[in-house]
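Reproduced below: protein-v4.cif, with mmCIF, C-alpha atoms and all ligand atoms.
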```
data_upload
loop_
_atom_site.label_atom_id
_atom_site.label_comp_id
_atom_site.auth_asym_id
_atom_site.auth_seq_id
_atom_site.Cartn_x
_atom_site.Cartn_y
_atom_site.Cartn_z
CA MET X 291 -21.40 8.18 -12.59
CA LYS X 292 -20.49 5.08 -10.60
CA THR X 293 -23.15 3.06 -8.86
CA CYS X 294 -23.16 0.68 -5.90
CA ARG X 295 -22.61 -2.97 -6.86
CA VAL X 296 -25.32 -4.03 -4.43
CA CYS X 297 -28.14 -1.45 -4.54
CA GLU X 298 -27.19 0.55 -7.66
CA HIS X 299 -27.36 3.87 -5.82
CA PRO X 300 -24.74 6.45 -7.02
CA ILE X 301 -21.47 6.24 -5.05
CA GLU X 302 -18.54 8.62 -4.60
CA PRO X 303 -15.09 7.53 -3.41
CA PHE X 304 -14.09 9.12 -0.10
CA MET X 305 -10.36 8.95 -0.97
CA THR X 306 -7.87 7.56 -3.45
CA PHE X 307 -4.87 5.36 -2.66
CA GLY X 308 -3.47 6.26 -6.09
CA GLU X 309 -2.38 3.88 -8.85
CA MET X 310 -2.08 0.35 -7.47
CA PRO X 311 -0.99 -2.97 -8.90
CA VAL X 312 -3.06 -6.14 -8.38
CA ALA X 313 -2.11 -7.16 -4.85
CA ASN X 314 -1.32 -10.82 -5.46
CA ALA X 315 0.37 -10.17 -8.83
CA PHE X 316 3.94 -11.01 -7.84
CA ILE X 317 6.01 -10.24 -10.88
CA ASN X 318 8.99 -11.41 -12.85
CA GLU X 319 11.73 -8.91 -13.72
CA ASN X 320 10.95 -9.30 -17.44
CA ASP X 321 7.38 -8.14 -16.89
CA PHE X 322 8.12 -4.92 -14.97
CA GLN X 323 7.39 -2.80 -18.06
CA ASN X 324 3.96 -4.37 -18.64
CA GLU X 325 2.67 -4.27 -15.09
CA TYR X 326 -1.04 -3.54 -14.78
CA PHE X 327 -2.16 -0.64 -12.55
CA PHE X 328 -5.56 0.74 -11.58
CA GLU X 329 -6.66 3.56 -9.31
CA LEU X 330 -7.72 2.23 -5.91
CA LYS X 331 -10.65 4.31 -4.65
CA PRO X 332 -12.89 3.08 -1.83
CA ALA X 333 -16.48 4.22 -1.22
CA SER X 334 -19.21 3.52 1.28
CA CYS X 335 -22.69 3.46 -0.25
CA SER X 336 -24.94 5.98 1.51
CA LYS X 337 -28.01 3.82 0.81
CA CYS X 338 -27.07 0.20 1.62
CA SER X 339 -23.75 1.02 3.38
CA THR X 340 -21.78 -1.48 1.32
CA PHE X 341 -18.07 -0.65 1.51
CA GLN X 342 -16.54 -1.22 -1.92
CA ILE X 343 -13.84 -0.35 -4.39
CA VAL X 344 -15.14 1.89 -7.13
CA ASP X 345 -13.09 0.65 -10.12
CA VAL X 346 -11.98 -2.95 -9.98
CA PRO X 347 -9.59 -4.82 -12.27
CA LYS X 348 -11.08 -7.53 -14.47
CA PRO X 349 -11.36 -10.86 -12.57
CA GLU X 350 -9.03 -12.50 -15.13
CA LYS X 351 -6.29 -10.11 -13.94
CA MET X 352 -6.58 -11.57 -10.45
CA PHE X 353 -7.70 -15.21 -10.63
CA HIS X 354 -5.79 -17.28 -13.15
CA ASP X 355 -3.52 -20.28 -13.58
CA HIS X 356 -0.71 -18.74 -11.54
CA TYR X 357 -2.69 -17.39 -8.58
CA ALA X 358 -0.12 -16.88 -5.83
CA TYR X 359 -2.18 -17.35 -2.69
CA PHE X 360 -2.24 -20.83 -1.14
CA ALA X 361 -4.37 -20.76 1.99
CA SER X 362 -2.73 -23.86 3.49
CA THR X 363 0.55 -22.01 4.16
CA SER X 364 -0.97 -21.08 7.51
CA LYS X 365 -1.31 -23.80 10.14
CA ILE X 366 -3.70 -21.62 12.11
CA MET X 367 -6.04 -21.28 9.12
CA THR X 368 -5.81 -25.02 8.47
CA ASN X 369 -6.92 -25.62 12.03
CA HIS X 370 -9.64 -22.96 11.75
CA PHE X 371 -11.24 -24.74 8.80
CA ARG X 372 -10.93 -28.11 10.51
CA LEU X 373 -12.92 -26.70 13.42
CA LEU X 374 -15.54 -25.31 11.03
CA SER X 375 -15.85 -28.73 9.37
CA GLU X 376 -16.38 -30.35 12.78
CA GLU X 377 -19.13 -27.86 13.55
CA ILE X 378 -20.80 -28.43 10.19
CA ILE X 379 -20.55 -32.22 10.31
CA LYS X 380 -21.87 -32.33 13.89
CA ASN X 381 -24.69 -29.80 13.62
CA TYR X 382 -25.87 -29.18 10.11
CA LEU X 383 -25.75 -32.34 8.01
CA ARG X 384 -29.17 -33.89 8.56
CA SER X 385 -29.93 -35.37 5.12
CA ILE X 386 -28.99 -38.93 4.16
CA ASP X 387 -26.28 -38.16 1.63
CA PRO X 388 -25.39 -34.53 2.28
CA PHE X 389 -23.64 -32.40 -0.30
CA ILE X 390 -21.33 -29.47 0.43
CA VAL X 391 -20.23 -26.87 -2.11
CA GLU X 392 -17.43 -24.43 -1.49
CA ILE X 393 -17.11 -21.26 -3.53
CA GLY X 394 -13.45 -20.22 -3.77
CA SER X 395 -12.13 -23.56 -2.54
CA ASN X 396 -8.49 -22.49 -3.11
CA ASP X 397 -6.01 -25.29 -2.36
CA GLY X 398 -8.57 -27.47 -0.57
CA ILE X 399 -7.71 -26.19 2.93
CA SER X 400 -11.35 -26.51 3.97
CA LEU X 401 -12.79 -29.27 1.74
CA GLN X 402 -10.03 -31.74 2.56
CA ASN X 403 -11.84 -32.27 5.87
CA TYR X 404 -15.06 -33.39 4.15
CA SER X 405 -13.12 -35.47 1.67
CA ARG X 406 -11.45 -37.32 4.57
CA ALA X 407 -14.84 -37.82 6.24
CA GLY X 408 -16.24 -39.31 3.02
CA ILE X 409 -18.81 -36.51 2.58
CA ARG X 410 -19.93 -35.49 -0.92
CA HIS X 411 -18.45 -32.14 -1.76
CA LEU X 412 -17.43 -29.94 -4.65
CA GLY X 413 -15.06 -27.00 -4.75
CA VAL X 414 -15.47 -24.22 -7.29
CA ASP X 415 -12.49 -21.95 -7.95
CA PRO X 416 -11.42 -19.97 -11.02
CA SER X 417 -7.65 -20.45 -10.53
CA GLN X 418 -6.40 -23.66 -12.15
CA ASN X 419 -3.20 -24.02 -10.09
CA VAL X 420 -4.96 -23.96 -6.72
CA VAL X 421 -7.67 -26.31 -8.04
CA GLU X 422 -4.96 -28.80 -8.98
CA GLU X 423 -3.39 -28.44 -5.56
CA SER X 424 -6.76 -29.21 -3.95
CA ARG X 425 -7.23 -32.30 -6.14
CA ALA X 426 -3.87 -33.57 -4.94
CA LYS X 427 -5.41 -33.50 -1.44
CA GLY X 428 -8.28 -35.73 -2.61
CA VAL X 429 -10.74 -32.86 -3.02
CA SER X 430 -13.28 -32.78 -5.87
CA ALA X 431 -13.14 -29.38 -7.50
CA ILE X 432 -13.96 -27.63 -10.76
CA CYS X 433 -12.17 -24.65 -12.22
CA THR X 434 -14.75 -22.00 -13.05
CA PHE X 435 -16.34 -18.77 -11.77
CA PHE X 436 -19.35 -19.44 -9.54
CA ASN X 437 -22.67 -18.02 -10.79
CA LYS X 438 -26.19 -19.08 -11.71
CA LYS X 439 -25.01 -20.98 -14.77
CA SER X 440 -22.39 -23.00 -12.91
CA SER X 441 -24.95 -23.63 -10.13
CA GLU X 442 -27.40 -25.06 -12.67
CA LYS X 443 -24.71 -27.41 -13.93
CA ILE X 444 -23.85 -28.47 -10.38
CA ILE X 445 -27.53 -29.14 -9.60
CA ASP X 446 -27.90 -31.25 -12.79
CA LYS X 447 -24.93 -33.38 -11.84
CA HIS X 448 -25.03 -33.53 -8.03
CA GLY X 449 -28.35 -32.08 -6.84
CA LYS X 450 -28.82 -29.15 -4.46
CA ALA X 451 -26.46 -28.33 -1.62
CA ASP X 452 -27.07 -28.75 2.11
CA ILE X 453 -24.22 -26.38 2.85
CA ILE X 454 -22.55 -23.70 0.76
CA ILE X 455 -19.29 -22.40 2.16
CA ALA X 456 -17.66 -19.20 0.94
CA THR X 457 -14.79 -18.19 3.19
CA ASN X 458 -12.61 -15.28 2.13
CA THR X 459 -14.47 -15.24 -1.14
CA MET X 460 -17.48 -12.92 -0.98
CA HIS X 461 -15.22 -9.90 -0.74
CA HIS X 462 -13.15 -11.06 -3.73
CA ILE X 463 -15.95 -11.01 -6.27
CA ALA X 464 -17.02 -7.71 -7.78
CA ASP X 465 -20.01 -9.22 -9.53
CA ILE X 466 -21.33 -10.40 -6.20
CA LYS X 467 -24.99 -10.58 -7.23
CA LYS X 468 -24.12 -13.32 -9.71
CA VAL X 469 -22.73 -15.36 -6.82
CA VAL X 470 -25.77 -14.84 -4.60
CA SER X 471 -28.17 -15.63 -7.45
CA GLY X 472 -26.24 -18.90 -7.98
CA ALA X 473 -26.31 -19.72 -4.26
CA LYS X 474 -30.03 -18.94 -4.14
CA ILE X 475 -30.87 -21.77 -6.56
CA LEU X 476 -28.18 -24.18 -5.37
CA LEU X 477 -29.06 -24.10 -1.65
CA LYS X 478 -31.69 -26.56 -0.40
CA GLN X 479 -34.76 -25.05 1.23
CA LYS X 480 -33.45 -25.70 4.75
CA GLY X 481 -29.80 -25.44 3.70
CA LEU X 482 -27.22 -23.15 5.21
CA MET X 483 -24.75 -20.84 3.54
CA ILE X 484 -21.72 -19.96 5.62
CA THR X 485 -19.55 -17.06 4.56
CA GLU X 486 -16.59 -15.43 6.25
CA ASP X 487 -14.67 -12.30 5.31
CA PRO X 488 -12.63 -9.45 6.74
CA TYR X 489 -15.06 -7.40 8.79
CA LEU X 490 -15.59 -3.69 8.17
CA GLY X 491 -16.13 -3.01 11.88
CA GLU X 492 -12.71 -4.42 12.68
CA MET X 493 -11.05 -2.59 9.78
CA ILE X 494 -12.38 0.71 11.08
CA ARG X 495 -11.50 -0.12 14.69
CA LEU X 496 -7.92 -1.18 13.81
CA ASN X 497 -7.42 1.40 11.03
CA SER X 498 -6.21 -1.52 8.94
CA TYR X 499 -6.59 0.29 5.64
CA GLU X 500 -4.43 -2.23 3.84
CA GLN X 501 -7.44 -4.57 3.87
CA ILE X 502 -8.45 -2.46 0.89
CA TYR X 503 -6.84 -3.80 -2.29
CA ALA X 504 -7.69 -5.11 -5.72
CA GLU X 505 -9.00 -8.48 -4.64
CA HIS X 506 -10.91 -7.03 -1.71
CA ASN X 507 -13.66 -5.50 -3.77
CA PHE X 508 -15.89 -5.33 -0.71
CA ILE X 509 -15.33 -5.12 3.02
CA TRP X 510 -18.59 -6.53 4.32
CA SER X 511 -20.57 -5.54 7.39
CA VAL X 512 -23.64 -7.20 8.90
CA MET X 513 -25.78 -4.41 7.42
CA SER X 514 -24.44 -4.69 3.87
CA MET X 515 -24.65 -8.51 3.91
CA LYS X 516 -28.21 -8.25 5.19
CA TYR X 517 -29.12 -5.88 2.36
CA LEU X 518 -27.47 -8.07 -0.29
CA PHE X 519 -29.10 -11.35 0.75
CA ASN X 520 -32.45 -9.70 1.32
CA LEU X 521 -32.51 -8.96 -2.43
CA TYR X 522 -32.71 -12.75 -2.92
CA ASP X 523 -35.20 -13.44 -0.16
CA MET X 524 -32.46 -14.77 2.07
CA GLU X 525 -31.54 -13.69 5.60
CA ILE X 526 -28.68 -13.72 8.07
CA ILE X 527 -29.37 -16.19 10.84
CA ASP X 528 -26.28 -15.70 12.94
CA VAL X 529 -22.97 -13.86 12.98
CA ILE X 530 -19.78 -14.92 14.76
CA PRO X 531 -16.61 -12.81 14.74
CA ASN X 532 -13.07 -14.22 14.71
CA GLU X 533 -9.58 -12.75 14.73
CA HIS X 534 -8.27 -14.28 11.50
CA HIS X 535 -7.02 -12.17 8.58
CA GLY X 536 -7.01 -9.18 10.93
CA GLY X 537 -10.62 -9.58 12.05
CA CYS X 538 -13.32 -11.48 10.19
CA MET X 539 -17.02 -12.06 10.57
CA ARG X 540 -18.70 -15.38 9.84
CA TYR X 541 -22.27 -15.14 8.57
CA TYR X 542 -24.79 -17.99 8.69
CA ILE X 543 -27.39 -17.39 5.98
CA GLY X 544 -30.52 -19.23 4.88
CA HIS X 545 -33.64 -18.83 2.76
CA LYS X 546 -36.09 -16.53 4.56
CA ASN X 547 -38.31 -17.97 7.31
CA GLN X 548 -36.56 -21.34 7.37
CA HIS X 549 -34.46 -20.77 10.50
CA ARG X 550 -34.76 -18.74 13.69
CA PRO X 551 -32.32 -15.81 13.59
CA SER X 552 -30.10 -15.24 16.64
CA ASN X 553 -30.32 -12.00 18.63
CA ARG X 554 -26.69 -11.45 17.77
CA VAL X 555 -27.65 -10.20 14.31
CA GLU X 556 -29.62 -7.24 15.73
CA GLU X 557 -26.96 -6.64 18.38
CA TYR X 558 -24.28 -6.30 15.72
CA LEU X 559 -26.43 -3.96 13.66
CA GLU X 560 -26.73 -1.72 16.74
CA GLU X 561 -23.01 -1.95 17.36
CA GLU X 562 -22.20 -1.05 13.74
CA LYS X 563 -24.42 2.00 14.00
CA ALA X 564 -22.67 3.08 17.20
CA LEU X 565 -19.29 2.60 15.50
CA GLY X 566 -20.41 4.93 12.71
CA LEU X 567 -20.26 2.39 9.89
CA TYR X 568 -23.38 3.89 8.30
CA ASP X 569 -22.08 7.46 8.54
CA GLN X 570 -19.97 9.05 5.77
CA LYS X 571 -18.09 11.14 8.36
CA THR X 572 -16.48 7.95 9.68
CA TYR X 573 -14.80 7.47 6.31
CA GLU X 574 -13.53 11.05 6.19
CA LYS X 575 -11.84 10.35 9.52
CA PHE X 576 -10.52 7.06 8.16
CA HIS X 577 -8.95 8.92 5.23
CA HIS X 578 -7.16 11.20 7.68
CA VAL X 579 -5.84 8.16 9.57
CA CYS X 580 -4.42 6.72 6.32
CA LYS X 581 -2.53 9.95 5.60
CA THR X 582 -1.09 10.07 9.13
CA SER X 583 -0.06 6.42 9.02
CA LYS X 584 1.82 6.98 5.75
CA ILE X 585 3.85 9.85 7.24
CA GLU X 586 4.64 7.92 10.42
CA ILE X 587 5.72 4.69 8.73
CA LEU X 588 8.06 6.50 6.33
CA ARG X 589 9.51 8.55 9.18
CA LEU X 590 10.30 5.38 11.15
CA LEU X 591 11.87 3.56 8.20
CA HIS X 592 14.02 6.59 7.37
CA SER X 593 15.20 6.91 10.95
CA ILE X 594 16.26 3.24 11.03
CA LYS X 595 18.08 3.49 7.70
CA LYS X 596 19.90 6.60 8.93
CA LYS X 597 21.41 4.46 11.69
CA ASN X 598 22.71 2.12 8.98
CA LYS X 599 20.51 -0.74 10.12
CA ASN X 600 18.85 -3.02 7.62
CA ILE X 601 15.16 -3.85 7.37
CA VAL X 602 13.40 -6.75 5.69
CA GLY X 603 9.72 -7.55 5.32
CA TYR X 604 8.12 -10.72 6.72
CA GLY X 605 5.19 -12.19 4.76
CA ALA X 606 4.59 -11.01 1.21
CA THR X 607 0.91 -10.59 1.99
CA ALA X 608 -1.54 -9.30 -0.58
CA LYS X 609 -2.52 -6.67 1.97
CA SER X 610 0.99 -5.26 2.11
CA ALA X 611 0.68 -4.19 -1.54
CA THR X 612 -1.59 -1.34 -0.47
CA LEU X 613 0.66 -0.30 2.39
CA ILE X 614 3.87 -0.50 0.35
CA ASN X 615 2.58 1.29 -2.73
CA TYR X 616 0.43 3.87 -0.94
CA CYS X 617 3.19 4.81 1.52
CA GLY X 618 5.92 4.69 -1.13
CA ILE X 619 7.97 2.00 0.64
CA SER X 620 10.73 0.82 -1.69
CA ARG X 621 13.96 -1.14 -1.92
CA ASP X 622 15.63 1.92 -0.40
CA HIS X 623 13.90 0.94 2.84
CA ILE X 624 13.49 -2.81 2.61
CA ASP X 625 16.07 -5.24 1.23
CA TYR X 626 13.63 -8.05 0.56
CA ILE X 627 10.49 -9.77 1.83
CA CYS X 628 10.67 -13.35 3.02
CA ASP X 629 7.68 -15.62 2.52
CA SER X 630 7.00 -19.33 2.91
CA THR X 631 4.92 -19.52 -0.31
CA VAL X 632 7.10 -21.18 -2.95
CA ALA X 633 5.04 -19.60 -5.76
CA LYS X 634 5.99 -16.09 -4.58
CA GLN X 635 9.70 -16.78 -4.02
CA GLY X 636 12.08 -15.53 -6.70
CA LEU X 637 9.51 -12.97 -7.85
CA PHE X 638 9.12 -9.29 -6.94
CA SER X 639 6.38 -7.58 -4.97
CA PRO X 640 3.77 -5.86 -7.16
CA GLY X 641 4.38 -2.18 -7.81
CA ALA X 642 7.44 -1.54 -5.65
CA HIS X 643 9.35 -4.58 -6.97
CA ILE X 644 10.90 -5.66 -3.69
CA PRO X 645 12.42 -9.16 -4.08
CA VAL X 646 10.58 -12.03 -2.39
CA ILE X 647 12.78 -14.77 -0.99
CA SER X 648 12.34 -17.89 1.12
CA GLN X 649 12.16 -18.02 4.89
CA LYS X 650 15.35 -20.03 5.01
CA ASP X 651 17.17 -16.94 3.78
CA PHE X 652 15.71 -15.01 6.69
CA PHE X 653 17.10 -17.57 9.10
CA ASN X 654 20.51 -17.55 7.42
CA ASN X 655 20.86 -13.79 7.44
CA TYR X 656 18.98 -12.20 10.31
CA PRO X 657 18.23 -8.50 9.71
CA ASP X 658 18.32 -5.75 12.33
CA TYR X 659 14.63 -4.95 11.84
CA THR X 660 11.75 -6.93 10.38
CA LEU X 661 8.61 -5.23 9.18
CA LEU X 662 5.80 -7.62 10.01
CA PHE X 663 3.63 -7.48 6.90
CA ALA X 664 1.85 -10.68 7.96
CA TRP X 665 0.69 -8.93 11.17
CA ASN X 666 -2.47 -11.02 11.19
CA HIS X 667 -0.28 -14.12 11.72
CA LYS X 668 1.74 -12.42 14.48
CA LYS X 669 1.28 -15.15 17.11
CA GLU X 670 2.27 -17.96 14.74
CA ILE X 671 5.25 -16.06 13.35
CA LEU X 672 6.66 -14.79 16.65
CA LYS X 673 6.50 -18.32 17.98
CA LYS X 674 8.27 -19.69 14.93
CA GLU X 675 10.91 -16.96 14.92
CA LYS X 676 11.60 -16.88 18.65
CA PHE X 677 15.30 -17.43 17.98
CA TYR X 678 15.49 -14.22 15.94
CA THR X 679 13.83 -12.24 18.74
CA ASP X 680 16.07 -13.88 21.35
CA GLN X 681 19.11 -12.86 19.29
CA GLY X 682 18.03 -9.21 19.57
CA GLY X 683 16.14 -8.98 16.26
CA LYS X 684 13.48 -6.26 16.26
CA TRP X 685 9.99 -6.49 14.83
CA ILE X 686 8.12 -3.49 13.49
CA GLU X 687 4.36 -3.76 13.59
CA TYR X 688 2.10 -1.06 12.18
CA ILE X 689 -1.43 -2.20 12.98
CA PRO X 690 -3.24 -1.02 15.03
CA LYS X 691 -0.36 1.44 15.46
CA ILE X 692 3.36 1.61 14.84
CA ASN X 693 5.25 -0.30 17.48
CA ILE X 694 8.68 -1.90 17.81
CA LEU X 695 8.71 -5.29 19.50
P1 LIG L 701 -2.43 -13.84 4.37
O1 LIG L 701 -2.33 -12.77 5.42
O2 LIG L 701 -3.22 -13.40 3.21
O3 LIG L 701 -2.83 -15.17 4.97
O4 LIG L 701 -0.96 -14.04 3.77
C1 LIG L 701 0.07 -14.42 4.59
C2 LIG L 701 1.36 -14.47 3.80
O5 LIG L 701 2.43 -14.63 4.72
C3 LIG L 701 1.43 -15.67 2.86
O6 LIG L 701 2.09 -15.28 1.66
C4 LIG L 701 2.29 -16.67 3.60
C5 LIG L 701 3.16 -15.79 4.44
N1 LIG L 701 3.54 -16.42 5.69
C6 LIG L 701 4.90 -16.68 5.90
O7 LIG L 701 5.73 -16.40 5.05
N2 LIG L 701 5.24 -17.28 7.07
C7 LIG L 701 4.36 -17.63 8.02
O8 LIG L 701 4.73 -18.16 9.06
C8 LIG L 701 2.95 -17.32 7.79
C9 LIG L 701 1.92 -17.68 8.81
C10 LIG L 701 2.61 -16.73 6.62
ZN ZN L 702 -25.56 0.43 -2.09
#
```
Can the structure from this file be put into structure tokens for me?
Ligand code: TMP
Ligand code: ZN
Amino acid sequence: MKTCRVCEHPIEPFMTFGEMPVANAFINENDFQNEYFFELKPASCSKCSTFQIVDVPKPEKMFHDHYAYFASTSKIMTNHFRLLSEEIIKNYLRSIDPFIVEIGSNDGISLQNYSRAGIRHLGVDPSQNVVEESRAKGVSAICTFFNKKSSEKIIDKHGKADIIIATNTMHHIADIKKVVSGAKILLKQKGLMITEDPYLGEMIRLNSYEQIYAEHNFIWSVMSMKYLFNLYDMEIIDVIPNEHHGGCMRYYIGHKNQHRPSNRVEEYLEEEKALGLYDQKTYEKFHHVCKTSKIEILRLLHSIKKKNKNIVGYGATAKSATLINYCGISRDHIDYICDSTVAKQGLFSPGAHIPVISQKDFFNNYPDYTLLFAWNHKKEILKKEKFYTDQGGKWIEYIPKINIL
């Protein structure tokens, strides 16, 4: 029997996506035979309402020295973290020599701002290649998994943290209680932890089921975050939604009774209830939506291919691994996927083995149709690729519903 990673209550998956590869595991032709697969089954805990994947791959399968995701490929995200740093520097750094720790600091997209401002900081990330990239930006970072032990070491060397940032991280870590127990000791009494992840409410609203994949072990809601932090005598002080990564929620968290919580927290809990996030029936409906989406996407791709038009993918996103492999999209439908991340180029998409090539190749050889896998970067991409659209190139988007632009 499987149990919830937060409250340990028994959980049952409400559906299966079938055998899935690790979403960011772009692969070399020589390794096709040894590709790792696991069964992707989501569940919503009936006790604490934490949305989670039942069986997760080992962290070493996902975060390693050739981790393919470099956050700084997106200008919009770079700007987003600059704005967060301005907010933090202006409002929350009251001590004389403040110290900021970021869990999952990736390529330094966020910490570079504090480094430039001369503020003491430390990034913690288990993938060596992104840590090195962050150091090249002048960021201090260590390559390790964040937990109580690493927190103790950080405290010994640097003292406690005024701010702990964990953006797009909390949902990546299956052993999430280890992270919170580390944060609990590392955070100063009046300190603030700021986390940000894809938001369950938005996933349900948009039917964006491809948010569910190997690295997204959890899709957090205000309720499940509240439950988790309450176990460590911590509380959510404020919540602020944003549209990044297809709809995220930022959570401001502190030790209990050290800050005055905003009314927004209660308001969101009410809203989540009204949306059905705490009701198992919502997930049965969601399963139905997934099945319908699969049929519709394949029908559209087949109809385009029948007209002898070619289709390519835009953005070899981790998310698209779920869509591609669940729907059975293959090289019969899509010639290749173009992506600006050098580390992904020349490799093949996990599972379906669709070649990933550079964006220059897209420009040099415009396709008839482009499946917008990076739909969460739609604004940025459509602006960049205006020439393609002006030339009559067609975009296929599939979230919130299938649409040709
Ligand atoms: P993300 O949705 O996880 O941020 O991943 C976006 C992927 O799309 C990443 O591999 C980079 C790629 N990408 C492009 O190729 N071109 C672009 O203009 C943008 C914004 C992203
Ligand atoms: Zn639970």
Could you give me, as a ChimeraX atom specification, the residues that have an atom at most 7 Å away from the point (-11.6, -12.1, 7.0) in the coordinates of the file, using only C-alpha atoms?
-> /X:458,486-489,534-539
Residues at most 12 Å from ligand ZN 702 (chain L), using all atoms listed in the file? Could they come as a VMD selection string?
-> chain X and resid 292 to 302 333 to 344 508 510 513 to 518 521 568
Output file for the residues above (C-alpha atoms, as a compact mmCIF listing (two decimals), in the frame of the given file):
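The file below, part38.txt, is the result:
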```
# COMPACT_ATOMS: atom_id res chain seq x y z
CA LYS X 292 -20.49 5.08 -10.60
CA THR X 293 -23.15 3.06 -8.86
CA CYS X 294 -23.16 0.68 -5.90
CA ARG X 295 -22.61 -2.97 -6.86
CA VAL X 296 -25.32 -4.03 -4.43
CA CYS X 297 -28.14 -1.45 -4.54
CA GLU X 298 -27.19 0.55 -7.66
CA HIS X 299 -27.36 3.87 -5.82
CA PRO X 300 -24.74 6.45 -7.02
CA ILE X 301 -21.47 6.24 -5.05
CA GLU X 302 -18.54 8.62 -4.60
CA ALA X 333 -16.48 4.22 -1.22
CA SER X 334 -19.21 3.52 1.28
CA CYS X 335 -22.69 3.46 -0.25
CA SER X 336 -24.94 5.98 1.51
CA LYS X 337 -28.01 3.82 0.81
CA CYS X 338 -27.07 0.20 1.62
CA SER X 339 -23.75 1.02 3.38
CA THR X 340 -21.78 -1.48 1.32
CA PHE X 341 -18.07 -0.65 1.51
CA GLN X 342 -16.54 -1.22 -1.92
CA ILE X 343 -13.84 -0.35 -4.39
CA VAL X 344 -15.14 1.89 -7.13
CA PHE X 508 -15.89 -5.33 -0.71
CA TRP X 510 -18.59 -6.53 4.32
CA MET X 513 -25.78 -4.41 7.42
CA SER X 514 -24.44 -4.69 3.87
CA MET X 515 -24.65 -8.51 3.91
CA LYS X 516 -28.21 -8.25 5.19
CA TYR X 517 -29.12 -5.88 2.36
CA LEU X 518 -27.47 -8.07 -0.29
CA LEU X 521 -32.51 -8.96 -2.43
CA TYR X 568 -23.38 3.89 8.30
```
Dump the neighbourhood of ligand LIG 701 (chain L) as a ChimeraX atom specification: all residues within 10 Å, distances computed on only C-alpha atoms and all ligand atoms.
-> /X:314,358-367,458,501,534-536,603-610,627-635,646-649,662-675
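The two atoms in question, atom CA of X:Ser400 and atom CA of X:Phe371, are spaced 5.1 Å apart.
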Using only C-alpha atoms: which of X:Asn654, X:Ser405, X:Ser395, X:Asn437 has the shortest distance to X:Ser417 | X:Ser395
So, counting only C-alpha atoms, which residue among X:Tyr659, X:Tyr499, X:Phe652, X:Phe327 is closest to X:Lys584?
-> X:Tyr499
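For the pair atom CA of X:Ser498 and atom CA of X:Asn615, the separation is 14.9 Å.
Comparing X:Ala426, X:Leu496, X:Val529, X:Ala451 by their smallest distance to X:Gln479, the closest is X:Ala451 (using only C-alpha atoms).
Going from atom CA of X:Val420 over to atom CA of X:Leu476, you cover 23.3 Å.
You can rank X:Gly566, X:Asp528, X:Glu423, X:Glu574 by their closest distance to X:His356 using all atoms listed in the file, and at the top of that list sits X:Glu423.
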Compute the distance from (6.2, -4.7, -15.5) to each atom, counting all atoms listed in the file, keep the residues with any atom at most 12 Å away, and return them as JSON, numbers by chain; use the coordinates of the file.
-> {"X": [311, 312, 315, 316, 317, 318, 319, 320, 321, 322, 323, 324, 325, 326, 327, 637, 638, 639, 640, 641, 642, 643]}
Could you turn the residues from that selection into a file that holds C-alpha atoms, as a PDB file, in the frame of the given file?
```
ATOM      1  CA  PRO X 311      -0.990  -2.970  -8.900  1.00  0.00           C
ATOM      2  CA  VAL X 312      -3.060  -6.140  -8.380  1.00  0.00           C
ATOM      3  CA  ALA X 315       0.370 -10.170  -8.830  1.00  0.00           C
ATOM      4  CA  PHE X 316       3.940 -11.010  -7.840  1.00  0.00           C
ATOM      5  CA  ILE X 317       6.010 -10.240 -10.880  1.00  0.00           C
ATOM      6  CA  ASN X 318       8.990 -11.410 -12.850  1.00  0.00           C
ATOM      7  CA  GLU X 319      11.730  -8.910 -13.720  1.00  0.00           C
ATOM      8  CA  ASN X 320      10.950  -9.300 -17.440  1.00  0.00           C
ATOM      9  CA  ASP X 321       7.380  -8.140 -16.890  1.00  0.00           C
ATOM     10  CA  PHE X 322       8.120  -4.920 -14.970  1.00  0.00           C
ATOM     11  CA  GLN X 323       7.390  -2.800 -18.060  1.00  0.00           C
ATOM     12  CA  ASN X 324       3.960  -4.370 -18.640  1.00  0.00           C
ATOM     13  CA  GLU X 325       2.670  -4.270 -15.090  1.00  0.00           C
ATOM     14  CA  TYR X 326      -1.040  -3.540 -14.780  1.00  0.00           C
ATOM     15  CA  PHE X 327      -2.160  -0.640 -12.550  1.00  0.00           C
ATOM     16  CA  LEU X 637       9.510 -12.970  -7.850  1.00  0.00           C
ATOM     17  CA  PHE X 638       9.120  -9.290  -6.940  1.00  0.00           C
ATOM     18  CA  SER X 639       6.380  -7.580  -4.970  1.00  0.00           C
ATOM     19  CA  PRO X 640       3.770  -5.860  -7.160  1.00  0.00           C
ATOM     20  CA  GLY X 641       4.380  -2.180  -7.810  1.00  0.00           C
ATOM     21  CA  ALA X 642       7.440  -1.540  -5.650  1.00  0.00           C
ATOM     22  CA  HIS X 643       9.350  -4.580  -6.970  1.00  0.00           C
TER      23      HIS X 643
END
```
Point out the residue among X:Arg384, X:Lys563, X:Lys331, X:Lys467 with the least atom-to-atom distance to X:Thr306, counting only C-alpha atoms.
-> X:Lys331
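Of the residues listed (X:Trp685, X:Phe436, X:Tyr573, X:Tyr616), X:Tyr616 shows the shortest atom-to-atom separation from X:Glu500; distances use only C-alpha atoms.
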Extract, using only C-alpha atoms, all DNA, RNA and protein residues at most 12 Å from stretch 585-588 of chain X, discarding same-chain residues fewer than 4 positions from it, and format them as JSON, numbers by chain.
-> {"X": [578, 579, 580, 581, 592, 593, 594, 595, 613, 614, 615, 616, 617, 618, 619, 620, 622, 623, 624, 661, 686, 687, 688, 689, 691, 692, 693, 694]}
